[in-house]
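S.K.: Pasting start.txt below, which is compact mmCIF, C-alpha atoms and all ligand atoms.
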```txt
# COMPACT_ATOMS: atom_id res chain seq x y z
CA MET A 1 -8.78 -12.99 -12.27
CA SER A 2 -8.16 -9.71 -10.47
CA ILE A 3 -4.73 -8.94 -9.10
CA TYR A 4 -6.23 -8.77 -5.60
CA ARG A 5 -7.63 -12.28 -5.94
CA GLU A 6 -4.23 -13.48 -7.15
CA TRP A 7 -2.49 -11.97 -4.12
CA ALA A 8 -4.98 -13.54 -1.73
CA ASP A 9 -4.65 -16.93 -3.44
CA GLN A 10 -0.87 -16.66 -3.19
CA ALA A 11 -1.07 -15.85 0.52
CA LEU A 12 -3.45 -18.76 1.11
CA ALA A 13 -1.04 -21.04 -0.74
CA GLY A 14 1.80 -19.92 1.54
CA GLU A 15 3.57 -17.93 -1.14
CA THR A 16 5.16 -14.57 -0.35
CA LEU A 17 4.17 -11.50 -2.31
CA THR A 18 7.00 -9.97 -4.33
CA ARG A 19 8.21 -6.54 -3.32
CA ASP A 20 6.67 -5.12 -6.49
CA ALA A 21 3.29 -6.63 -5.64
CA ALA A 22 3.61 -5.37 -2.07
CA ARG A 23 4.27 -1.88 -3.41
CA GLU A 24 1.25 -2.17 -5.68
CA CYS A 25 -0.83 -3.13 -2.65
CA LEU A 26 0.25 0.10 -0.91
CA GLN A 27 -0.79 1.97 -4.07
CA THR A 28 -4.21 0.36 -4.49
CA PRO A 29 -6.47 2.94 -6.22
CA PRO A 30 -9.24 4.30 -3.97
CA ASP A 31 -11.95 2.72 -6.15
CA ASP A 32 -10.37 -0.73 -5.68
CA ILE A 33 -10.03 -0.65 -1.88
CA ASP A 34 -13.27 -2.57 -1.31
CA GLU A 35 -12.19 -5.29 -3.70
CA LEU A 36 -8.79 -5.52 -1.99
CA LEU A 37 -10.51 -5.79 1.40
CA ASN A 38 -12.87 -8.52 0.22
CA GLU A 39 -9.95 -10.61 -1.01
CA VAL A 40 -7.81 -9.95 2.05
CA PHE A 41 -10.77 -10.95 4.19
CA ARG A 42 -10.60 -14.45 2.69
CA VAL A 43 -7.05 -14.70 4.01
CA ARG A 44 -8.01 -13.36 7.43
CA GLN A 45 -10.98 -15.72 7.61
CA GLU A 46 -8.92 -18.80 6.83
CA ALA A 47 -6.84 -18.35 9.98
CA TRP A 48 -9.15 -16.45 12.30
CA GLY A 49 -12.71 -16.94 11.05
CA LYS A 50 -14.81 -13.99 12.22
CA ARG A 51 -13.13 -13.88 15.60
CA VAL A 52 -11.83 -10.59 17.03
CA LYS A 53 -9.25 -10.65 19.77
CA ILE A 54 -9.58 -7.83 22.26
CA CYS A 55 -6.44 -6.57 23.97
CA VAL A 56 -6.20 -4.25 26.95
CA LEU A 57 -3.08 -2.28 27.84
CA ASN A 58 -2.00 -1.35 31.32
CA ASN A 59 0.69 1.33 31.36
CA ILE A 60 2.25 0.29 34.67
CA ARG A 61 4.90 3.03 34.64
CA SER A 62 4.37 6.27 32.77
CA GLY A 63 6.89 8.89 31.69
CA LEU A 64 10.37 9.28 33.22
CA CYS A 65 11.96 7.52 30.25
CA PRO A 66 15.62 8.30 29.38
CA GLU A 67 15.11 7.38 25.69
CA ASP A 68 14.29 9.92 22.97
CA CYS A 69 11.70 8.17 20.75
CA SER A 70 10.18 11.08 18.87
CA TYR A 71 6.67 9.60 18.60
CA CYS A 72 6.38 8.97 22.34
CA SER A 73 4.85 11.30 24.92
CA GLN A 74 6.91 9.65 27.67
CA SER A 75 10.37 10.32 26.22
CA ASN A 76 13.07 12.59 27.63
CA VAL A 77 12.45 15.08 24.80
CA SER A 78 8.68 15.22 25.27
CA THR A 79 6.96 18.10 27.02
CA ALA A 80 3.54 16.49 26.63
CA ASP A 81 1.13 16.93 29.49
CA ILE A 82 0.80 13.31 30.64
CA SER A 83 0.44 11.48 33.93
CA VAL A 84 3.84 10.52 35.28
CA TYR A 85 4.08 7.75 37.86
CA PRO A 86 6.47 4.98 38.99
CA LEU A 87 5.67 1.26 38.81
CA LYS A 88 2.12 0.50 39.85
CA THR A 89 1.41 -1.74 42.83
CA MET A 90 0.84 -5.43 42.37
CA GLU A 91 -2.79 -4.92 43.39
CA ALA A 92 -3.31 -2.31 40.64
CA ILE A 93 -1.76 -4.55 38.00
CA TYR A 94 -3.91 -7.48 39.14
CA GLU A 95 -7.05 -5.31 39.20
CA GLY A 96 -6.28 -4.19 35.63
CA ALA A 97 -6.24 -7.84 34.61
CA ARG A 98 -9.57 -8.50 36.32
CA GLN A 99 -11.18 -5.57 34.51
CA ALA A 100 -9.65 -6.63 31.19
CA HIS A 101 -11.05 -10.15 31.56
CA GLU A 102 -14.43 -9.44 33.12
CA GLY A 103 -15.34 -5.98 31.79
CA ALA A 104 -13.54 -5.65 28.47
CA ARG A 105 -13.80 -9.36 27.55
CA ALA A 106 -10.16 -9.22 26.58
CA LYS A 107 -8.16 -12.25 25.57
CA ARG A 108 -4.81 -10.52 25.98
CA TYR A 109 -3.54 -8.30 28.77
CA CYS A 110 -0.54 -6.17 27.82
CA ILE A 111 1.66 -5.01 30.67
CA VAL A 112 3.65 -2.01 29.46
CA ALA A 113 6.28 0.03 31.31
CA SER A 114 8.17 3.07 30.10
CA GLY A 115 11.96 2.91 30.20
CA ARG A 116 14.95 1.57 28.32
CA GLY A 117 14.53 -1.89 29.79
CA PRO A 118 13.63 -3.70 33.02
CA THR A 119 16.05 -4.30 35.91
CA ASP A 120 16.43 -7.75 37.47
CA LYS A 121 14.43 -6.54 40.46
CA GLU A 122 11.61 -5.33 38.20
CA ILE A 123 11.52 -8.67 36.39
CA ASP A 124 11.15 -10.47 39.75
CA TYR A 125 8.37 -8.09 40.76
CA LEU A 126 6.50 -8.53 37.49
CA ALA A 127 6.97 -12.30 37.58
CA GLY A 128 5.12 -12.28 40.90
CA CYS A 129 2.30 -10.19 39.38
CA ILE A 130 2.02 -12.45 36.36
CA GLN A 131 1.82 -15.62 38.48
CA LYS A 132 -1.07 -14.17 40.47
CA ILE A 133 -2.92 -13.08 37.32
CA LYS A 134 -2.43 -16.40 35.54
CA ALA A 135 -3.71 -18.26 38.61
CA ASP A 136 -7.06 -16.47 38.40
CA PHE A 137 -7.73 -15.42 34.80
CA PRO A 138 -7.41 -17.22 31.43
CA LEU A 139 -5.67 -14.23 29.89
CA GLU A 140 -2.76 -14.21 27.47
CA ILE A 141 -0.08 -12.04 29.04
CA CYS A 142 2.22 -9.88 26.92
CA CYS A 143 4.98 -7.76 28.46
CA SER A 144 6.33 -4.63 26.79
CA LEU A 145 9.21 -3.48 28.95
CA GLY A 146 11.89 -2.30 26.53
CA LEU A 147 15.21 -3.90 25.67
CA MET A 148 15.65 -7.32 27.20
CA ASP A 149 18.03 -10.27 27.16
CA GLU A 150 17.17 -13.96 26.98
CA ASP A 151 17.47 -14.55 30.72
CA LYS A 152 14.92 -11.84 31.54
CA ALA A 153 12.54 -13.10 28.86
CA ARG A 154 12.86 -16.63 30.22
CA ARG A 155 11.98 -15.50 33.74
CA LEU A 156 8.82 -13.81 32.40
CA LYS A 157 7.97 -16.98 30.52
CA ASP A 158 8.48 -19.14 33.61
CA ALA A 159 6.05 -16.86 35.46
CA GLY A 160 3.39 -17.45 32.79
CA ALA A 161 3.82 -14.63 30.27
CA GLY A 162 3.44 -15.88 26.71
CA TRP A 163 4.50 -12.86 24.67
CA VAL A 164 7.01 -10.04 24.77
CA ASN A 165 6.23 -6.96 22.72
CA HIS A 166 9.05 -4.95 21.20
CA ASN A 167 8.11 -3.01 18.08
CA LEU A 168 10.55 -2.46 15.22
CA ASN A 169 8.49 0.67 14.60
CA SER A 170 9.93 1.45 11.17
CA SER A 171 12.64 0.48 8.72
CA GLU A 172 16.29 0.22 9.70
CA ARG A 173 17.01 3.15 7.38
CA PHE A 174 14.41 5.43 8.95
CA TYR A 175 15.10 4.42 12.55
CA PRO A 176 17.73 7.14 13.32
CA ASN A 177 15.08 9.74 12.40
CA ILE A 178 12.86 8.62 15.26
CA CYS A 179 15.35 7.57 17.94
CA THR A 180 19.04 8.12 18.72
CA THR A 181 19.38 6.52 22.17
CA HIS A 182 19.04 2.97 20.89
CA THR A 183 19.18 1.38 17.46
CA TYR A 184 17.03 -0.73 15.20
CA GLN A 185 19.52 -3.55 15.76
CA ASP A 186 19.04 -3.27 19.54
CA ARG A 187 15.37 -3.93 18.90
CA VAL A 188 16.06 -6.88 16.62
CA ASN A 189 18.38 -8.29 19.32
CA THR A 190 15.58 -8.16 21.88
CA ILE A 191 13.22 -9.95 19.51
CA GLN A 192 15.83 -12.65 18.95
CA ALA A 193 16.42 -12.99 22.71
CA VAL A 194 12.67 -13.45 23.20
CA LYS A 195 12.65 -16.19 20.58
CA GLU A 196 15.68 -17.87 22.18
CA ALA A 197 13.77 -17.91 25.45
CA GLY A 198 10.97 -19.84 23.71
CA MET A 199 8.40 -17.06 23.98
CA HIS A 200 6.04 -15.72 21.35
CA THR A 201 7.02 -12.42 19.77
CA CYS A 202 4.88 -9.33 19.34
CA SER A 203 6.34 -6.65 17.09
CA GLY A 204 4.99 -4.17 14.60
CA GLY A 205 5.34 -0.57 13.60
CA ILE A 206 3.98 2.93 13.48
CA ILE A 207 2.68 4.39 10.24
CA GLY A 208 2.62 8.15 9.65
CA MET A 209 5.94 9.31 11.12
CA GLY A 210 7.27 10.70 7.82
CA GLU A 211 8.59 7.41 6.49
CA THR A 212 8.57 6.61 2.77
CA GLU A 213 6.75 3.82 1.01
CA ASP A 214 10.02 1.88 0.90
CA ASP A 215 10.34 2.20 4.68
CA VAL A 216 6.89 0.65 5.10
CA LEU A 217 7.86 -2.14 2.71
CA ASP A 218 11.15 -2.75 4.58
CA LEU A 219 9.30 -2.90 7.87
CA ALA A 220 6.64 -5.25 6.52
CA PHE A 221 9.20 -7.66 5.05
CA ALA A 222 11.40 -7.46 8.17
CA ILE A 223 8.43 -8.46 10.34
CA ARG A 224 7.69 -11.30 7.97
CA ASP A 225 11.31 -12.48 7.85
CA LEU A 226 11.53 -12.46 11.65
CA ASP A 227 8.42 -14.68 11.72
CA ILE A 228 6.74 -12.45 14.30
CA ASP A 229 3.67 -14.04 15.91
CA SER A 230 1.65 -10.99 16.79
CA ILE A 231 1.83 -7.78 14.76
CA PRO A 232 0.47 -4.47 16.03
CA VAL A 233 0.15 -1.92 13.23
CA ASN A 234 -0.04 1.50 14.87
CA PHE A 235 -1.01 4.75 13.18
CA LEU A 236 0.69 7.79 14.65
CA HIS A 237 -1.41 9.81 17.03
CA PRO A 238 0.61 13.04 17.06
CA ILE A 239 0.76 14.32 20.62
CA ARG A 240 1.38 17.98 21.45
CA GLY A 241 4.80 18.34 23.07
CA THR A 242 6.42 15.56 21.03
CA PRO A 243 8.69 16.17 18.02
CA LEU A 244 6.11 14.58 15.71
CA SER A 245 3.20 16.67 16.95
CA ASP A 246 2.70 18.34 13.54
CA ARG A 247 2.44 15.17 11.49
CA PRO A 248 -0.84 14.87 9.54
CA ARG A 249 -3.37 12.12 10.21
CA THR A 250 -3.14 8.83 8.36
CA ARG A 251 -6.01 8.51 5.92
CA MET A 252 -8.34 5.54 6.27
CA GLU A 253 -7.43 4.25 2.78
CA ASN A 254 -3.73 4.23 3.64
CA GLY A 255 -4.43 2.45 6.88
CA LEU A 256 -6.42 -0.23 5.04
CA ARG A 257 -3.76 -0.66 2.36
CA THR A 258 -1.08 -1.07 5.04
CA LEU A 259 -3.09 -3.53 7.14
CA SER A 260 -3.90 -5.48 3.98
CA LEU A 261 -0.21 -5.71 3.12
CA PHE A 262 0.66 -7.01 6.59
CA ARG A 263 -2.12 -9.61 6.29
CA LEU A 264 -1.01 -10.76 2.84
CA LEU A 265 2.60 -11.12 4.03
CA ASN A 266 1.61 -12.79 7.30
CA PRO A 267 -1.53 -14.78 6.46
CA LYS A 268 -1.82 -16.73 9.72
CA LYS A 269 -0.46 -14.21 12.18
CA ASP A 270 -2.24 -12.10 14.72
CA ILE A 271 -2.62 -8.70 13.01
CA ARG A 272 -3.75 -5.91 15.30
CA ALA A 273 -5.11 -2.52 14.23
CA ALA A 274 -3.43 -0.85 17.17
CA GLY A 275 -2.68 2.65 18.48
CA GLY A 276 -4.18 5.58 16.61
CA ARG A 277 -7.10 3.57 15.19
CA GLU A 278 -9.75 5.81 16.70
CA PHE A 279 -7.85 9.08 16.25
CA ASN A 280 -7.10 8.50 12.56
CA PHE A 281 -10.12 6.53 11.37
CA GLY A 282 -12.92 7.59 13.72
CA GLY A 283 -16.28 5.99 12.98
CA ASP A 284 -14.88 4.14 9.95
CA SER A 285 -12.54 2.07 12.06
CA TRP A 286 -14.79 -1.01 11.74
CA ARG A 287 -13.25 -1.49 8.27
CA VAL A 288 -9.99 -2.65 9.86
CA PHE A 289 -11.63 -6.01 10.61
CA TYR A 290 -11.29 -7.08 6.99
CA PRO A 291 -7.51 -7.48 7.30
CA ALA A 292 -7.02 -7.36 11.08
CA ASN A 293 -8.26 -9.83 13.69
CA SER A 294 -7.46 -7.84 16.81
CA ILE A 295 -7.82 -4.40 18.39
CA PHE A 296 -7.11 -2.59 21.64
CA VAL A 297 -9.94 -1.16 23.69
CA GLU A 298 -10.06 1.28 26.62
CA GLY A 299 -7.19 3.42 25.38
CA TYR A 300 -3.46 3.34 24.97
CA LEU A 301 -0.40 4.39 26.94
CA THR A 302 -1.19 8.07 27.36
CA THR A 303 -4.19 8.55 25.06
CA GLY A 304 -7.80 7.44 25.29
CA GLY A 305 -9.57 5.10 22.92
CA GLN A 306 -12.80 3.29 22.21
CA THR A 307 -14.60 1.95 25.26
CA ALA A 308 -14.98 -1.79 25.54
CA ALA A 309 -18.77 -1.47 25.39
CA ASP A 310 -18.60 0.47 22.10
CA ALA A 311 -16.12 -2.01 20.64
CA HIS A 312 -18.36 -4.94 21.65
CA ARG A 313 -21.30 -3.29 19.88
CA MET A 314 -19.20 -2.62 16.78
CA ILE A 315 -17.89 -6.19 16.63
CA GLU A 316 -21.26 -7.81 17.17
CA SER A 317 -23.16 -5.52 14.80
CA MET A 318 -20.78 -6.60 12.02
CA GLY A 319 -21.50 -10.27 12.71
CA PHE A 320 -18.06 -10.90 14.24
CA GLU A 321 -17.51 -12.66 17.53
CA ILE A 322 -15.26 -11.81 20.43
CA GLU A 323 -12.53 -14.41 20.89
CA ARG A 324 -12.38 -15.72 24.45
S1 LIG A 401 8.75 4.35 23.29
FE1 LIG A 401 9.40 3.32 25.17
S2 LIG A 401 11.65 3.56 25.15
FE2 LIG A 401 10.85 5.05 23.68
S3 LIG A 401 10.62 6.96 24.87
FE3 LIG A 401 8.63 5.89 24.92
S4 LIG A 401 8.67 4.69 26.82
FE4 LIG A 401 10.78 5.27 26.34
```
As structure tokens, what does this structure read like?

M.R.:
Amino acid sequence: MSIYREWADQALAGETLTRDAARECLQTPPDDIDELLNEVFRVRQEAWGKRVKICVLNNIRSGLCPEDCSYCSQSNVSTADISVYPLKTMEAIYEGARQAHEGARAKRYCIVASGRGPTDKEIDYLAGCIQKIKADFPLEICCSLGLMDEDKARRLKDAGAGWVNHNLNSSERFYPNICTTHTYQDRVNTIQAVKEAGMHTCSGGIIGMGETEDDVLDLAFAIRDLDIDSIPVNFLHPIRGTPLSDRPRTRMENGLRTLSLFRLLNPKKDIRAAGGREFNFGGDSWRVFYPANSIFVEGYLTTGGQTAADAHRMIESMGFEIER
């Protein structure tokens, strides 16, 4: 039996890959990638069949952030040429939800705001938006608003939000290389507060920031140990004007190895091939559906992406179905 089949069987049996096996997965030889993907697809299929969950982001406040995350075009150290605006109106946030549901055929609507974390007043405002959206559309609502305590998470939950996103982004060891204004532990605390509030968690990372293989392994096992429900795996899109603007692209093979590892460690979880998919993988990005069951369409926070119509064609031409 091939090692890839063994890993998939272990994942299906609920067993966790050893760190050595996880490392081997990240080192899969190029000629074996297809075999790895075929085995990982068995794991993906067990939980998600051939369904693809479409997510749409709405960046409801852009720029003006006091934090210094080096990968982000909205940080206080970024000189990137981006749109900068304060919180969008309730009407604009509602209209974004309508377009996500009706046009993009999205299952999840992700409300994202730049900043260190939301104020009480902002939570009240967003709770009102979420109630209106949930009254009219069968969308899953995820909020990505920065650092948050249990009380704020609970108020979002009471309004109808199901998920809070807060990415670990990388390993604890590497974290000071990408941010100095808050810590890895601050992020873990937010995830724990979200869990205490009884909400689902969404947390993943960014690949390609200069981290080592061990950092990727630490991140992958940390996400697994925190029992995260929804896992976006982003691939750095280096933006001019940010400290990471010179980082090279992530190669498709590395992206597939990483997504496969996250699937093997989290067999039943929502694994999303997230930001940077189009930039790094271009026309080959359909291959992410072997390990991943979810993508974003219609762009990201400050960068464009695949249109919903193109993504629908890609999904359907592969014989997958859009989850509604
Ligand atoms: S990632 Fe979030 S907290 Fe960090 S600089 Fe960007 S908007 Fe601010």

S.K.: For ligand LIG 401 (chain A), list the contacting residues at 7 Å or closer, counting only C-alpha atoms and all ligand atoms, as number ranges by chain.

M.R.: A: 63, 65-69, 72-76, 113-116, 146

S.K.: Residues within 12 Å of (2.2, -11.6, 41.4), file coordinates, counting all atoms listed in the file: what are they? Give the list as a PyMOL selection string.

M.R.: chain A and resi 89-95+97+122-136+156+159-161

S.K.: To one decimal place in Å, what is the distance between CA of Ser317 in chain A and CA of Arg51 in chain A?

M.R.: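 A separation of 13.1 Å between them.
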
S.K.: Given only C-alpha atoms, how would the per-residue table for range 124-166 of chain A near range 224-233 of chain A read, listing every residue at most 10 Å away with its closest atom pair and distance in Å to one decimal, sorted by chain and number, as a Markdown table?

M.R.:
```
| residue | atom | partner | partner_atom | distance |
| --- | --- | --- | --- | --- |
| A:Trp163 | CA | A:Ser230 | CA | 8.6 |
| A:Val164 | CA | A:Ser230 | CA | 9.7 |
| A:Asn165 | CA | A:Ser230 | CA | 8.5 |
```

S.K.: Which distance in Å separates CA of Arg44 in chain A and CA of Pro291 in chain A, to one decimal?

M.R.: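 CA of Pro291 in chain A lies at a distance of 5.9 Å from CA of Arg44 in chain A.
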
S.K.: To one decimal place, how far is CA of Asp149 in chain A from CA of Leu168 in chain A in Å?

M.R.: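 Taking CA of Asp149 in chain A and CA of Leu168 in chain A, their separation equals 16.1 Å.
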
S.K.: So which one's closest to Val84 in chain A, A:Ser62, A:Asn189, A:Thr180, A:Asn167? Using only C-alpha atoms, please.

M.R.: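 When distances to Val84 in chain A are compared using only C-alpha atoms, the smallest one comes from A:Ser62.
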
S.K.: Set the distance at 12 Å and use all atoms listed in the file: which residues neighbour Leu217 in chain A once local chain neighbours fewer than 3 positions away are removed? I'd like the list as a ChimeraX atom specification.

M.R.: /A:17-27,170-174,205,207,211-214,220-224,257-259,261-262,265

S.K.: Take the point (11.9, -3.4, 16.2) as written in the file and pick out every residue within 6 Å of it, counting all atoms listed in the file; give the list as a PyMOL selection string.

M.R.: chain A and resi 166-169+184+187-188

S.K.: Any chance you could export the current selection's C-alpha atoms as an mmCIF file, keeping the file's coordinate frame?

M.R.:
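The result, written out as selection.cif:
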```cif
data_model
loop_
_atom_site.group_PDB
_atom_site.id
_atom_site.type_symbol
_atom_site.label_atom_id
_atom_site.label_comp_id
_atom_site.auth_asym_id
_atom_site.auth_seq_id
_atom_site.Cartn_x
_atom_site.Cartn_y
_atom_site.Cartn_z
ATOM 1 C CA HIS A 166 9.050 -4.950 21.200
ATOM 2 C CA ASN A 167 8.110 -3.010 18.080
ATOM 3 C CA LEU A 168 10.550 -2.460 15.220
ATOM 4 C CA ASN A 169 8.490 0.670 14.600
ATOM 5 C CA TYR A 184 17.030 -0.730 15.200
ATOM 6 C CA ARG A 187 15.370 -3.930 18.900
ATOM 7 C CA VAL A 188 16.060 -6.880 16.620
#
```

S.K.: Just want the 10 Å neighbourhood of Trp48 in chain A, counted on all atoms listed in the file, with same-chain residues fewer than 2 positions away dropped. Output as an MDAnalysis selection string.

M.R.: chainID A and resid 41:46 50:53 267:270 292:294 323

S.K.: In terms of the shortest atom-to-atom distance over only C-alpha atoms, which of A:Gly305, A:Ser144, A:Gly162, A:Arg105 is closest to Ile54 in chain A?

M.R.: A:Arg105

S.K.: Env of Arg251 in chain A: 8 Å cut, atoms = only C-alpha atoms, seq-sep filter 4 positions within chain, self excluded. Answer as a list of chain:residue names.

M.R.: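 That gives A:Gly255, A:Asn280, A:Phe281.
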
S.K.: Give me the box for range 6-20 of chain A as lines of an AutoDock Vina configuration file, namely the centre and edge lengths in Å to one decimal of a box along x, y and z that holds every listed atom plus 4 Å on each side.

M.R.:
```
center_x = 1.6
center_y = -13.1
center_z = -2.8
size_x = 21.2
size_y = 23.9
size_z = 16.7
```

S.K.: Hey, which of A:Val77, A:Cys179, A:Met209, A:Ala8 ends up closest to Arg247 in chain A? Count only C-alpha atoms.

M.R.: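 Counting only C-alpha atoms, the residue closest to Arg247 in chain A is A:Met209.
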
S.K.: Nearest to Lys157 in chain A among A:Ser245, A:Met199, A:Ile178, A:Lys121, with distances taken over only C-alpha atoms: which residue is it?

M.R.: A:Met199

S.K.: Some atoms are absent from range 49-63 of chain A, so rebuild N, CA, C and O atoms and return them as an mmCIF file, keeping the file's coordinate frame.

M.R.:
```cif
data_model
loop_
_atom_site.group_PDB
_atom_site.id
_atom_site.type_symbol
_atom_site.label_atom_id
_atom_site.label_comp_id
_atom_site.auth_asym_id
_atom_site.auth_seq_id
_atom_site.Cartn_x
_atom_site.Cartn_y
_atom_site.Cartn_z
ATOM 1 N N GLY A 49 -11.255 -16.963 11.173
ATOM 2 C CA GLY A 49 -12.710 -16.940 11.050
ATOM 3 C C GLY A 49 -13.215 -15.508 11.190
ATOM 4 O O GLY A 49 -12.631 -14.577 10.637
ATOM 5 N N LYS A 50 -14.295 -15.340 11.977
ATOM 6 C CA LYS A 50 -14.810 -13.990 12.220
ATOM 7 C C LYS A 50 -14.517 -13.573 13.662
ATOM 8 O O LYS A 50 -15.203 -12.731 14.235
ATOM 9 N N ARG A 51 -13.471 -14.185 14.212
ATOM 10 C CA ARG A 51 -13.130 -13.880 15.600
ATOM 11 C C ARG A 51 -12.335 -12.576 15.683
ATOM 12 O O ARG A 51 -11.500 -12.294 14.825
ATOM 13 N N VAL A 52 -12.602 -11.805 16.742
ATOM 14 C CA VAL A 52 -11.830 -10.590 17.030
ATOM 15 C C VAL A 52 -11.229 -10.732 18.420
ATOM 16 O O VAL A 52 -11.948 -11.009 19.390
ATOM 17 N N LYS A 53 -9.931 -10.575 18.482
ATOM 18 C CA LYS A 53 -9.250 -10.650 19.770
ATOM 19 C C LYS A 53 -9.154 -9.252 20.362
ATOM 20 O O LYS A 53 -8.633 -8.343 19.715
ATOM 21 N N ILE A 54 -9.664 -9.117 21.568
ATOM 22 C CA ILE A 54 -9.580 -7.830 22.260
ATOM 23 C C ILE A 54 -8.370 -7.828 23.177
ATOM 24 O O ILE A 54 -8.144 -8.789 23.924
ATOM 25 N N CYS A 55 -7.613 -6.747 23.122
ATOM 26 C CA CYS A 55 -6.440 -6.570 23.970
ATOM 27 C C CYS A 55 -6.638 -5.332 24.838
ATOM 28 O O CYS A 55 -7.217 -4.347 24.377
ATOM 29 N N VAL A 56 -6.160 -5.418 26.050
ATOM 30 C CA VAL A 56 -6.200 -4.250 26.950
ATOM 31 C C VAL A 56 -4.783 -3.982 27.444
ATOM 32 O O VAL A 56 -4.084 -4.902 27.866
ATOM 33 N N LEU A 57 -4.405 -2.718 27.371
ATOM 34 C CA LEU A 57 -3.080 -2.280 27.840
ATOM 35 C C LEU A 57 -3.168 -1.774 29.272
ATOM 36 O O LEU A 57 -4.132 -1.104 29.618
ATOM 37 N N ASN A 58 -2.141 -2.035 30.036
ATOM 38 C CA ASN A 58 -2.000 -1.350 31.320
ATOM 39 C C ASN A 58 -0.621 -0.714 31.339
ATOM 40 O O ASN A 58 0.388 -1.422 31.328
ATOM 41 N N ASN A 59 -0.593 0.611 31.317
ATOM 42 C CA ASN A 59 0.690 1.330 31.360
ATOM 43 C C ASN A 59 1.118 1.382 32.828
ATOM 44 O O ASN A 59 0.689 2.242 33.584
ATOM 45 N N ILE A 60 1.963 0.445 33.236
ATOM 46 C CA ILE A 60 2.250 0.290 34.670
ATOM 47 C C ILE A 60 3.330 1.241 35.175
ATOM 48 O O ILE A 60 3.541 1.337 36.370
ATOM 49 N N ARG A 61 4.020 1.914 34.246
ATOM 50 C CA ARG A 61 4.900 3.030 34.640
ATOM 51 C C ARG A 61 4.851 4.034 33.502
ATOM 52 O O ARG A 61 5.054 3.664 32.343
ATOM 53 N N SER A 62 4.580 5.280 33.829
ATOM 54 C CA SER A 62 4.370 6.270 32.770
ATOM 55 C C SER A 62 5.385 7.410 32.882
ATOM 56 O O SER A 62 5.637 7.931 33.973
ATOM 57 N N GLY A 63 5.933 7.788 31.728
ATOM 58 C CA GLY A 63 6.890 8.890 31.690
ATOM 59 C C GLY A 63 8.244 8.489 32.243
ATOM 60 O O GLY A 63 8.562 7.300 32.361
#
```
